Amino acid sequence: MSGFTPEEAARVAEFRAALRRFMRTTERNARAAGLTPQRYLLLLMIKGAPDYSERSTVTELAERLQLAQSTVTELVRRAEETGLIDRERSTADARIAYLRLSPEGERRLALSFTSNDSERKSLLEAFSYLDGALQPS
């Protein structure tokens, strides 16, 4: 016995398909705005900081992105070199550097983000279906 019903499997499968469609579309939109998918995600995580400050540290990004700190450090370095993010030292602790989007980073993120509106809605519908609230569209 498999331990789950065909209905449960169908819900999870539909959700995963919707998630994959969302990821493909957001990646395509990021590239159209001149961003790699990783840079798009990096900019989004900085802009969308949990405290709404629109800034983040490398340590916070590593946790949110579930990547090694060394990997995030390299992503940040490259994004800085291309003018997408700016670094500022904390006034309270000089060891801490906050990352913010530069005007160019803001522009490119906005191009990608606004073009994903319908995909976000589709993903929310798929999540509701996974939860058993809706039928697939």
# chains A, B, ... in the order shown; residues from 1 in each chain; ligands from 1
>>> residues_around(residues="Leu99 of chain A", least_positions_apart="4", cutoff="9 Å", atoms="only C-alpha atoms", output="list of chain:residue names")
A:Ile46, A:Glu54, A:Arg55, A:Ser56, A:Thr57, A:Val58, A:Val76, A:Ile85, A:Asp86, A:Arg87, A:Glu88, A:Arg89
>>> closest_atom_pairs(of="segment 3-85 of chain A", to="segment 103-118 of chain A", cutoff="8 Å", atoms="only C-alpha atoms", output="Markdown table")
| residue | atom | partner | partner_atom | distance |
| --- | --- | --- | --- | --- |
| A:Thr25 | CA | A:Asn116 | CA | 7.4 |
| A:Thr26 | CA | A:Asn116 | CA | 6.3 |
| A:Asn29 | CA | A:Ser112 | CA | 5.2 |
| A:Ala30 | CA | A:Ser112 | CA | 5.1 |
| A:Ala32 | CA | A:Ser112 | CA | 7.7 |
| A:Ala33 | CA | A:Arg108 | CA | 5.5 |
| A:Gly34 | CA | A:Arg108 | CA | 7.0 |
| A:Leu35 | CA | A:Arg108 | CA | 7.3 |
| A:Tyr40 | CA | A:Leu109 | CA | 6.6 |
| A:Leu43 | CA | A:Leu109 | CA | 6.7 |
| A:Leu44 | CA | A:Leu109 | CA | 7.0 |
| A:Gly83 | CA | A:Glu104 | CA | 6.8 |
| A:Leu84 | CA | A:Gly105 | CA | 4.1 |
| A:Ile85 | CA | A:Gly105 | CA | 6.1 |
>>> closest_residue(among="A:Ala10, A:Glu81, A:Ile96, A:Met45", to="Glu63 of chain A", atoms="only C-alpha atoms")
A:Met45
>>> select_by_dssp(residues="segment 31-136 of chain A", states="strand (DSSP E or B)", output="number ranges by chain")
A: 56, 85-89, 97-101
>>> write_last_selection(atoms="N, CA, C and O atoms", output="mmCIF file, in the first residue's frame")
data_model
loop_
_atom_site.group_PDB
_atom_site.id
_atom_site.type_symbol
_atom_site.label_atom_id
_atom_site.label_comp_id
_atom_site.auth_asym_id
_atom_site.auth_seq_id
_atom_site.Cartn_x
_atom_site.Cartn_y
_atom_site.Cartn_z
ATOM 1 N N SER A 56 19.671 43.819 3.413
ATOM 2 C CA SER A 56 19.987 42.517 3.984
ATOM 3 C C SER A 56 21.484 42.377 4.147
ATOM 4 O O SER A 56 22.258 43.117 3.545
ATOM 5 N N ILE A 85 23.704 46.231 -6.886
ATOM 6 C CA ILE A 85 23.527 46.441 -5.450
ATOM 7 C C ILE A 85 24.619 47.344 -4.903
ATOM 8 O O ILE A 85 25.693 47.455 -5.486
ATOM 9 N N ASP A 86 24.303 47.978 -3.806
ATOM 10 C CA ASP A 86 25.246 48.829 -3.090
ATOM 11 C C ASP A 86 25.426 48.278 -1.684
ATOM 12 O O ASP A 86 24.509 47.656 -1.135
ATOM 13 N N ARG A 87 26.585 48.536 -1.132
ATOM 14 C CA ARG A 87 26.920 48.074 0.221
ATOM 15 C C ARG A 87 27.065 49.295 1.120
ATOM 16 O O ARG A 87 27.648 50.289 0.731
ATOM 17 N N GLU A 88 26.519 49.189 2.340
ATOM 18 C CA GLU A 88 26.692 50.270 3.316
ATOM 19 C C GLU A 88 27.020 49.654 4.674
ATOM 20 O O GLU A 88 26.467 48.623 5.052
ATOM 21 N N ARG A 89 27.926 50.261 5.381
ATOM 22 C CA ARG A 89 28.319 49.792 6.708
ATOM 23 C C ARG A 89 27.279 50.183 7.738
ATOM 24 O O ARG A 89 26.699 51.267 7.681
ATOM 25 N N ALA A 97 27.807 44.758 7.094
ATOM 26 C CA ALA A 97 27.545 45.494 5.856
ATOM 27 C C ALA A 97 26.138 45.149 5.385
ATOM 28 O O ALA A 97 25.771 43.978 5.302
ATOM 29 N N TYR A 98 25.364 46.177 5.114
ATOM 30 C CA TYR A 98 24.017 45.990 4.579
ATOM 31 C C TYR A 98 24.062 46.142 3.066
ATOM 32 O O TYR A 98 24.781 46.980 2.530
ATOM 33 N N LEU A 99 23.280 45.330 2.403
ATOM 34 C CA LEU A 99 23.179 45.375 0.952
ATOM 35 C C LEU A 99 21.829 45.966 0.582
ATOM 36 O O LEU A 99 20.803 45.592 1.164
ATOM 37 N N ARG A 100 21.839 46.885 -0.360
ATOM 38 C CA ARG A 100 20.626 47.524 -0.881
ATOM 39 C C ARG A 100 20.687 47.476 -2.402
ATOM 40 O O ARG A 100 21.767 47.415 -2.981
ATOM 41 N N LEU A 101 19.534 47.572 -3.027
ATOM 42 C CA LEU A 101 19.516 47.636 -4.477
ATOM 43 C C LEU A 101 19.958 49.022 -4.929
ATOM 44 O O LEU A 101 19.571 50.028 -4.335
#
